[in-house]
Amino acid sequence: MVNIPEYYAGKNVLITGATGFMGKVLLEKLLRSCPAVKAVYTMVRPKAGQSPQARVADMINCKLFERLLEEQPDFAEKIIPVNSDLTQPEMDLSKEDQSILAENINIVFHCAATIRFNEPLKDAVQLNVLATHKMLALAHRMTNLQIFIHISTAYANCDRELIEEVVYPPPVDYRRLIDSLDWMDDELVSTLTPKLIREHPNTYTYTKALAEYLVQQEAGDLNIAIVRPSIVGASWKEPFPGWIDNFNGPSGIFIAAGKGILRTMRASNDAVADLVPVDVVINTTLAAAWYSGSQFLNRARKMLVYNCTTGGINPFRWGEVEYHVISTFKRNPLEQAFRRPNVILTSNHLINQYWITVSHKAPAFLYDLYLRLIGREPRMMKTITRLHKSMMVLEYFTNHSWVWNTDNIVMLMAQMSPEDKKIFNCDVRQLHWAEYMESYCMGTKKYVLNEELSGLPAARKHLNKLRNIRYSFNAILVVLIWRVFIARSQMARNIWYFVVSLCFKFLSYFRASSTMR
């Protein structure tokens, strides 16, 4: 077999979802590590008055592409935006674009999807199931197609404890569901959603399971592989450590914890937080296309599924996540933090509700009251409400652990040459979690919040100020509580005088011993 860059040489590649988090990293890595690739077509819809060409031009001007720009100044010439909307009939492709794609594309990476957990079922089916069906229909018309890669999720089958690298039949036939949703109104669909998704926690995992089965059933003679990443986080190494550009998934949680807004979280300390760096997912995706695509004429067709996860190979638990996030943000605080970073993890619902009231709602109410008094618009309760909604949809994943079979990942790495293993590293056994978490947290500070490292001294000074305020408040609170008890109870007064006299004696002894020395 040829090595990975040689396989992509002279190929025309099509990417959906290229403006999304994973799509950007895939585009950058493909162009940088496979410089002989002929062209990369990106299916992009117009948005906010911007044409697909303008959106792609804006995208490649971000920091992610700086290294690629240094190495290949003319890389943008290989990117061909295609006006498309996956939710529209025939994906809103012109006849000319359909012909160009059908005649020229060799490799398809279908990354486009909605990743919102609470998406209405109709919308989730439209974006995750029907769009995949349309892409497969287009792929069947491609005369030179070698491989179609479908990006799914490791949680597509989260209703199972052991998840093998196979496609499981969904709880309902996708054809019947699509037909039913056509005549149902939104209110009826919303009412029936819990019964339809059954043991799935949300419409995202449910529709991803449907999409996998659709891919298997509609594959025909196409050469297809499925990549299932778990919780995709910031980059590990490429193009540089810690790159992240959104609040989705764990990133928003880390920022809320670093700002001191998130104080409690319903999670099991011992549950495995199956984080996987985005560059590992992309390297696995490119390698999977290489392995299946380079052999598509020489072997029996078999749809390979890759569970791109870390929990079974290099486990990292939510308790460890909390420790590293808090310790990183205490050393390198975010600017204008609301409170000092500190998070309590508990799997008990009542305890979590208590801490929400004490650590979230009460401080937010007092802060908003202060803002009203000085004539400013209150905002903290709205922030806390949004945070709680986000946390609720994540509770299922922070309180459960799964076992994923990764035999195909091991096989894939075994097939790669030593050079390919370096360039397209997908071996998470080498991942050092403490270093990764620090670069991840610093990435949220630099690339999501756009905070400069030059502001760290001021941020540390602000954090020390918050610490002093907290200590002063706690001391005053203790004194007030004791004064109330002392005024009402002789026993409390006796205890108070005993403690004070004991402290006085200790200080006198310490002073005398210091003088003798």
# chains A, B, ... in the order shown; residues from 1 in each chain; ligands from 1
$ residues_around --residues "Pro5 of chain A" --least-positions-apart "3" --cutoff "12 Å" --atoms "only C-alpha atoms" --output "VMD selection string"
chain A and resid 1 to 2 8 to 11 29 to 38 283 286 to 287 289 to 291 294 416 to 417 419 to 421 423 to 424
$ residues_around --residues "Leu14 of chain A" --least-positions-apart "3" --cutoff "10 Å" --atoms "only C-alpha atoms" --output "number ranges by chain"
A: 11, 18, 27, 39-43, 79-82, 101, 104-110, 148
$ write_last_selection --atoms "N, CA and C atoms" --output "mmCIF file, in the first residue's frame"
data_model
loop_
_atom_site.group_PDB
_atom_site.id
_atom_site.type_symbol
_atom_site.label_atom_id
_atom_site.label_comp_id
_atom_site.auth_asym_id
_atom_site.auth_seq_id
_atom_site.Cartn_x
_atom_site.Cartn_y
_atom_site.Cartn_z
ATOM 1 N N LYS A 11 -5.931 13.562 -5.960
ATOM 2 C CA LYS A 11 -7.344 13.254 -5.690
ATOM 3 C C LYS A 11 -8.160 14.543 -5.508
ATOM 4 N N ALA A 18 -17.564 21.802 6.325
ATOM 5 C CA ALA A 18 -16.179 22.295 6.354
ATOM 6 C C ALA A 18 -16.014 23.539 7.209
ATOM 7 N N LEU A 27 -9.915 20.079 6.924
ATOM 8 C CA LEU A 27 -9.469 20.802 5.734
ATOM 9 C C LEU A 27 -8.010 21.228 5.881
ATOM 10 N N ALA A 39 -7.634 18.977 -5.362
ATOM 11 C CA ALA A 39 -8.601 20.023 -5.001
ATOM 12 C C ALA A 39 -9.481 19.531 -3.871
ATOM 13 N N VAL A 40 -9.971 20.494 -3.077
ATOM 14 C CA VAL A 40 -10.900 20.169 -1.997
ATOM 15 C C VAL A 40 -12.171 20.990 -2.209
ATOM 16 N N TYR A 41 -13.251 20.305 -2.534
ATOM 17 C CA TYR A 41 -14.546 20.948 -2.710
ATOM 18 C C TYR A 41 -15.251 21.003 -1.350
ATOM 19 N N THR A 42 -15.758 22.168 -0.994
ATOM 20 C CA THR A 42 -16.449 22.329 0.287
ATOM 21 C C THR A 42 -17.879 22.762 0.036
ATOM 22 N N MET A 43 -18.829 21.965 0.521
ATOM 23 C CA MET A 43 -20.244 22.311 0.360
ATOM 24 C C MET A 43 -20.637 23.258 1.490
ATOM 25 N N ILE A 79 -8.980 25.169 -2.671
ATOM 26 C CA ILE A 79 -10.290 25.080 -2.019
ATOM 27 C C ILE A 79 -11.355 25.632 -2.963
ATOM 28 N N ILE A 80 -12.358 24.816 -3.273
ATOM 29 C CA ILE A 80 -13.418 25.206 -4.199
ATOM 30 C C ILE A 80 -14.753 25.179 -3.456
ATOM 31 N N PRO A 81 -15.264 26.347 -3.033
ATOM 32 C CA PRO A 81 -16.571 26.383 -2.358
ATOM 33 C C PRO A 81 -17.698 26.050 -3.332
ATOM 34 N N VAL A 82 -18.643 25.262 -2.856
ATOM 35 C CA VAL A 82 -19.804 24.887 -3.662
ATOM 36 C C VAL A 82 -21.056 25.344 -2.926
ATOM 37 N N LEU A 101 -19.341 17.529 -9.479
ATOM 38 C CA LEU A 101 -19.060 16.637 -8.351
ATOM 39 C C LEU A 101 -19.159 15.177 -8.765
ATOM 40 N N ASN A 104 -15.941 14.281 -10.847
ATOM 41 C CA ASN A 104 -14.575 14.529 -10.374
ATOM 42 C C ASN A 104 -14.223 14.005 -8.989
ATOM 43 N N ILE A 105 -15.205 13.830 -8.120
ATOM 44 C CA ILE A 105 -14.883 13.517 -6.721
ATOM 45 C C ILE A 105 -14.396 12.085 -6.563
ATOM 46 N N ASN A 106 -13.311 11.942 -5.809
ATOM 47 C CA ASN A 106 -12.745 10.620 -5.490
ATOM 48 C C ASN A 106 -13.003 10.196 -4.044
ATOM 49 N N ILE A 107 -13.081 11.186 -3.147
ATOM 50 C CA ILE A 107 -13.218 10.893 -1.713
ATOM 51 C C ILE A 107 -14.237 11.869 -1.119
ATOM 52 N N VAL A 108 -15.148 11.341 -0.294
ATOM 53 C CA VAL A 108 -16.137 12.177 0.378
ATOM 54 C C VAL A 108 -15.973 12.040 1.886
ATOM 55 N N PHE A 109 -15.931 13.184 2.573
ATOM 56 C CA PHE A 109 -15.987 13.220 4.037
ATOM 57 C C PHE A 109 -17.284 13.932 4.418
ATOM 58 N N HIS A 110 -18.239 13.165 4.922
ATOM 59 C CA HIS A 110 -19.527 13.751 5.303
ATOM 60 C C HIS A 110 -19.490 14.080 6.796
ATOM 61 N N PHE A 148 -16.315 6.743 0.816
ATOM 62 C CA PHE A 148 -17.249 7.683 1.448
ATOM 63 C C PHE A 148 -17.097 7.502 2.952
#
$ closest_residue --among "A:His324, A:His462, A:Lys24, A:Arg376" --to "Trp433 of chain A" --atoms "only C-alpha atoms"
A:His324
$ residues_around --residues "Pro229 of chain A" --least-positions-apart "6" --cutoff "8 Å" --atoms "only C-alpha atoms" --output "number ranges by chain"
A: 151-154, 276, 281, 307-309
$ write_last_selection --atoms "all heavy atoms" --output "JSON list (two decimals), in the first residue's frame"
[["chain", "number", "residue", "atom", "x", "y", "z"],
["A", 151, "ILE", "N", -19.04, 10.63, 9.28],
["A", 151, "ILE", "CA", -18.67, 10.96, 10.66],
["A", 151, "ILE", "C", -19.92, 10.82, 11.54],
["A", 151, "ILE", "O", -20.88, 11.56, 11.38],
["A", 151, "ILE", "CB", -18.10, 12.38, 10.77],
["A", 151, "ILE", "CG1", -16.91, 12.56, 9.82],
["A", 151, "ILE", "CG2", -17.68, 12.67, 12.22],
["A", 151, "ILE", "CD1", -15.73, 11.67, 10.11],
["A", 152, "SER", "N", -19.86, 9.89, 12.46],
["A", 152, "SER", "CA", -20.97, 9.66, 13.38],
["A", 152, "SER", "C", -20.54, 10.11, 14.78],
["A", 152, "SER", "O", -19.79, 11.07, 14.93],
["A", 152, "SER", "CB", -21.36, 8.18, 13.37],
["A", 152, "SER", "OG", -22.50, 7.94, 14.18],
["A", 153, "THR", "N", -21.00, 9.42, 15.81],
["A", 153, "THR", "CA", -20.58, 9.71, 17.18],
["A", 153, "THR", "C", -20.51, 8.39, 17.95],
["A", 153, "THR", "O", -21.31, 7.47, 17.69],
["A", 153, "THR", "CB", -21.55, 10.67, 17.89],
["A", 153, "THR", "OG1", -21.19, 10.74, 19.28],
["A", 153, "THR", "CG2", -22.99, 10.21, 17.78],
["A", 154, "ALA", "N", -19.58, 8.33, 18.89],
["A", 154, "ALA", "CA", -19.46, 7.12, 19.72],
["A", 154, "ALA", "C", -20.68, 6.92, 20.59],
["A", 154, "ALA", "O", -20.90, 5.81, 21.12],
["A", 154, "ALA", "CB", -18.20, 7.23, 20.59],
["A", 276, "VAL", "N", -11.56, 13.13, 23.47],
["A", 276, "VAL", "CA", -10.61, 12.77, 22.42],
["A", 276, "VAL", "C", -10.21, 14.05, 21.67],
["A", 276, "VAL", "O", -11.08, 14.82, 21.25],
["A", 276, "VAL", "CB", -11.19, 11.70, 21.46],
["A", 276, "VAL", "CG1", -12.47, 12.17, 20.80],
["A", 276, "VAL", "CG2", -10.16, 11.28, 20.43],
["A", 281, "VAL", "N", -8.96, 12.66, 16.08],
["A", 281, "VAL", "CA", -10.13, 12.27, 15.28],
["A", 281, "VAL", "C", -9.86, 12.48, 13.80],
["A", 281, "VAL", "O", -10.16, 11.61, 12.97],
["A", 281, "VAL", "CB", -11.37, 13.08, 15.72],
["A", 281, "VAL", "CG1", -12.58, 12.69, 14.87],
["A", 281, "VAL", "CG2", -11.67, 12.86, 17.19],
["A", 307, "ASN", "N", -14.40, 3.09, 16.35],
["A", 307, "ASN", "CA", -14.73, 3.78, 17.60],
["A", 307, "ASN", "C", -13.52, 4.60, 18.03],
["A", 307, "ASN", "O", -12.55, 4.08, 18.60],
["A", 307, "ASN", "CB", -15.09, 2.77, 18.69],
["A", 307, "ASN", "CG", -16.47, 2.17, 18.50],
["A", 307, "ASN", "OD1", -17.34, 2.76, 17.85],
["A", 307, "ASN", "ND2", -16.70, 1.00, 19.06],
["A", 308, "CYS", "N", -13.56, 5.88, 17.74],
["A", 308, "CYS", "CA", -12.43, 6.78, 18.04],
["A", 308, "CYS", "C", -12.61, 7.33, 19.45],
["A", 308, "CYS", "O", -13.12, 8.44, 19.65],
["A", 308, "CYS", "CB", -12.39, 7.91, 17.00],
["A", 308, "CYS", "SG", -10.91, 8.92, 17.10],
["A", 309, "THR", "N", -12.18, 6.55, 20.44],
["A", 309, "THR", "CA", -12.39, 6.87, 21.85],
["A", 309, "THR", "C", -11.08, 6.69, 22.63],
["A", 309, "THR", "O", -10.11, 6.15, 22.12],
["A", 309, "THR", "CB", -13.47, 5.95, 22.46],
["A", 309, "THR", "OG1", -13.03, 4.58, 22.34],
["A", 309, "THR", "CG2", -14.79, 6.11, 21.73]]
$ closest_residue --among "A:Ala337, A:Leu480, A:Ala362, A:Ile231" --to "Lys465 of chain A" --atoms "only C-alpha atoms"
A:Ala337
$ closest_residue --among "A:Arg317, A:Lys237, A:Arg331, A:Arg45" --to "Gln88 of chain A" --atoms "only C-alpha atoms"
A:Arg45
$ select_by_dssp --residues "segment 296-496 of chain A" --states "strand (DSSP E)" --output "ChimeraX atom specification"
/A:304-308,344-346,403-404
$ write_last_selection --atoms "N, CA, C and O atoms" --output "compact mmCIF listing (two decimals), in the first residue's frame"
# COMPACT_ATOMS: atom_id res chain seq x y z
N LEU A 304 -16.31 -0.74 7.41
CA LEU A 304 -15.56 -0.69 8.67
C LEU A 304 -16.06 0.46 9.53
O LEU A 304 -16.33 1.56 9.03
N VAL A 305 -16.17 0.19 10.82
CA VAL A 305 -16.58 1.19 11.80
C VAL A 305 -15.43 1.38 12.78
O VAL A 305 -14.85 0.41 13.27
N TYR A 306 -15.09 2.64 13.06
CA TYR A 306 -13.98 2.95 13.96
C TYR A 306 -14.49 3.71 15.18
O TYR A 306 -14.98 4.83 15.05
N ASN A 307 -14.40 3.09 16.35
CA ASN A 307 -14.73 3.78 17.60
C ASN A 307 -13.52 4.60 18.03
O ASN A 307 -12.55 4.08 18.60
N CYS A 308 -13.56 5.88 17.74
CA CYS A 308 -12.43 6.78 18.04
C CYS A 308 -12.61 7.33 19.45
O CYS A 308 -13.12 8.44 19.65
N ILE A 344 -17.78 21.63 42.74
CA ILE A 344 -18.10 20.43 43.51
C ILE A 344 -18.82 19.46 42.57
O ILE A 344 -19.85 19.81 41.98
N LEU A 345 -18.28 18.25 42.43
CA LEU A 345 -18.94 17.21 41.64
C LEU A 345 -19.71 16.29 42.57
O LEU A 345 -19.17 15.82 43.58
N THR A 346 -20.94 16.04 42.24
CA THR A 346 -21.75 15.10 43.01
C THR A 346 -22.73 14.39 42.08
O THR A 346 -23.27 15.02 41.16
N VAL A 403 -18.14 1.05 27.51
CA VAL A 403 -16.99 0.28 27.04
C VAL A 403 -17.08 0.20 25.53
O VAL A 403 -18.05 -0.36 24.99
N TRP A 404 -16.10 0.76 24.84
CA TRP A 404 -16.06 0.74 23.38
C TRP A 404 -14.98 -0.23 22.90
O TRP A 404 -13.82 -0.15 23.37
$ residues_around --residues "Ala458 of chain A" --least-positions-apart "4" --cutoff "12 Å" --atoms "only C-alpha atoms" --output "PDB file with C-alpha atoms, in the first residue's frame"
ATOM      1  CA  ASN A 332      -3.582  31.066  34.883  1.00  0.00           C
ATOM      2  CA  PRO A 333      -6.876  32.802  35.700  1.00  0.00           C
ATOM      3  CA  LEU A 334      -9.375  34.120  33.191  1.00  0.00           C
ATOM      4  CA  GLU A 335      -9.879  37.861  33.101  1.00  0.00           C
ATOM      5  CA  GLN A 336     -12.662  39.436  35.177  1.00  0.00           C
ATOM      6  CA  ALA A 337     -13.612  36.200  36.941  1.00  0.00           C
ATOM      7  CA  GLU A 451      -7.479  36.890  26.141  1.00  0.00           C
ATOM      8  CA  GLU A 452      -3.807  37.777  25.839  1.00  0.00           C
ATOM      9  CA  LEU A 453      -1.239  36.161  28.134  1.00  0.00           C
ATOM     10  CA  SER A 454       0.054  39.661  28.906  1.00  0.00           C
ATOM     11  CA  HIS A 462      -8.117  40.177  40.541  1.00  0.00           C
ATOM     12  CA  LEU A 463      -8.268  36.542  41.731  1.00  0.00           C
ATOM     13  CA  ASN A 464      -6.342  37.424  44.904  1.00  0.00           C
ATOM     14  CA  LYS A 465      -8.811  40.249  45.497  1.00  0.00           C
TER      15      LYS A 465
END
$ residues_around --residues "segment 201-215 of chain A" --least-positions-apart "3" --cutoff "7 Å" --atoms "only C-alpha atoms" --output "ChimeraX atom specification"
/A:115-119,121,124-125,128-129,132,152-153,155-157,167-170,174,197,218-219,396
$ write_last_selection --atoms "N, CA, C and O atoms" --output "short mmCIF file (atom, residue, chain, number, x, y, z; two decimals), in the first residue's frame"
data_model
loop_
_atom_site.label_atom_id
_atom_site.label_comp_id
_atom_site.auth_asym_id
_atom_site.auth_seq_id
_atom_site.Cartn_x
_atom_site.Cartn_y
_atom_site.Cartn_z
N ILE A 115 -25.20 19.32 16.10
CA ILE A 115 -24.67 18.69 17.31
C ILE A 115 -25.41 19.19 18.55
O ILE A 115 -24.99 18.91 19.68
N ARG A 116 -26.50 19.93 18.35
CA ARG A 116 -27.31 20.38 19.48
C ARG A 116 -28.08 19.20 20.06
O ARG A 116 -28.82 18.52 19.35
N PHE A 117 -27.89 18.95 21.36
CA PHE A 117 -28.54 17.80 21.99
C PHE A 117 -30.06 17.96 22.07
O PHE A 117 -30.79 16.98 22.01
N ASN A 118 -30.52 19.20 22.23
CA ASN A 118 -31.95 19.43 22.42
C ASN A 118 -32.63 19.93 21.15
O ASN A 118 -33.66 20.60 21.22
N GLU A 119 -32.09 19.60 20.01
CA GLU A 119 -32.69 19.99 18.73
C GLU A 119 -34.06 19.32 18.59
O GLU A 119 -34.21 18.14 18.92
N LEU A 121 -36.96 17.16 17.14
CA LEU A 121 -36.74 15.92 16.40
C LEU A 121 -36.84 16.12 14.89
O LEU A 121 -36.03 15.56 14.14
N ALA A 124 -33.60 17.66 13.75
CA ALA A 124 -32.48 16.71 13.89
C ALA A 124 -32.53 15.65 12.79
O ALA A 124 -31.49 15.28 12.23
N VAL A 125 -33.73 15.17 12.47
CA VAL A 125 -33.88 14.20 11.38
C VAL A 125 -33.51 14.84 10.04
O VAL A 125 -32.83 14.23 9.21
N ASN A 128 -29.48 15.38 10.25
CA ASN A 128 -28.61 14.23 10.49
C ASN A 128 -28.98 12.98 9.70
O ASN A 128 -28.11 12.15 9.43
N VAL A 129 -30.25 12.85 9.33
CA VAL A 129 -30.69 11.64 8.62
C VAL A 129 -30.95 11.93 7.14
O VAL A 129 -30.32 11.33 6.26
N THR A 132 -27.91 13.02 5.16
CA THR A 132 -27.04 11.87 4.87
C THR A 132 -27.59 11.06 3.70
O THR A 132 -26.83 10.60 2.84
N SER A 152 -19.86 9.89 12.46
CA SER A 152 -20.97 9.66 13.38
C SER A 152 -20.54 10.11 14.78
O SER A 152 -19.79 11.07 14.93
N THR A 153 -21.00 9.42 15.81
CA THR A 153 -20.58 9.71 17.18
C THR A 153 -20.51 8.39 17.95
O THR A 153 -21.31 7.47 17.69
N TYR A 155 -21.50 7.98 20.75
CA TYR A 155 -22.69 7.90 21.60
C TYR A 155 -23.95 7.58 20.81
O TYR A 155 -25.05 7.65 21.36
N ALA A 156 -23.80 7.22 19.53
CA ALA A 156 -24.97 6.86 18.73
C ALA A 156 -25.69 5.66 19.34
O ALA A 156 -26.91 5.52 19.18
N ASN A 157 -24.95 4.81 20.04
CA ASN A 157 -25.54 3.62 20.65
C ASN A 157 -25.34 3.64 22.17
O ASN A 157 -25.03 2.62 22.78
N VAL A 167 -22.62 -1.66 13.11
CA VAL A 167 -23.83 -0.84 13.02
C VAL A 167 -24.97 -1.61 13.65
O VAL A 167 -25.26 -2.74 13.25
N TYR A 168 -25.62 -1.01 14.63
CA TYR A 168 -26.74 -1.65 15.32
C TYR A 168 -28.07 -1.21 14.71
O TYR A 168 -28.20 -0.04 14.30
N PRO A 169 -29.05 -2.10 14.66
CA PRO A 169 -30.37 -1.68 14.16
C PRO A 169 -31.00 -0.70 15.13
O PRO A 169 -30.95 -0.89 16.35
N PRO A 170 -31.60 0.38 14.63
CA PRO A 170 -32.21 1.39 15.51
C PRO A 170 -33.55 0.89 16.04
O PRO A 170 -34.11 -0.09 15.55
N TYR A 174 -36.12 3.95 9.98
CA TYR A 174 -35.96 5.36 9.62
C TYR A 174 -36.93 5.80 8.51
O TYR A 174 -37.38 6.95 8.48
N ILE A 197 -37.69 8.26 20.98
CA ILE A 197 -36.25 8.08 21.20
C ILE A 197 -35.96 7.02 22.26
O ILE A 197 -34.82 6.57 22.40
N GLU A 218 -28.40 1.88 2.66
CA GLU A 218 -28.39 2.56 1.36
C GLU A 218 -27.03 2.51 0.68
O GLU A 218 -26.85 3.13 -0.37
N ALA A 219 -26.08 1.81 1.27
CA ALA A 219 -24.71 1.82 0.74
C ALA A 219 -24.63 1.25 -0.67
O ALA A 219 -23.91 1.78 -1.52
N TYR A 396 -26.45 13.20 31.63
CA TYR A 396 -26.46 11.78 31.25
C TYR A 396 -25.06 11.28 30.95
O TYR A 396 -24.68 10.16 31.33
#
$ residues_around --residues "Pro250 of chain A" --least-positions-apart "4" --cutoff "12 Å" --atoms "only C-alpha atoms" --output "NGL selection string"
:A and (230-234 or 244 or 246 or 254-257 or 273-277 or 318 or 321-322 or 325 or 390-391 or 394-395 or 397-398 or 437 or 440-441 or 444)
$ closest_residue --among "A:Ser401, A:Thr114, A:Gln53, A:Gln216" --to "Gly311 of chain A" --atoms "only C-alpha atoms"
A:Ser401
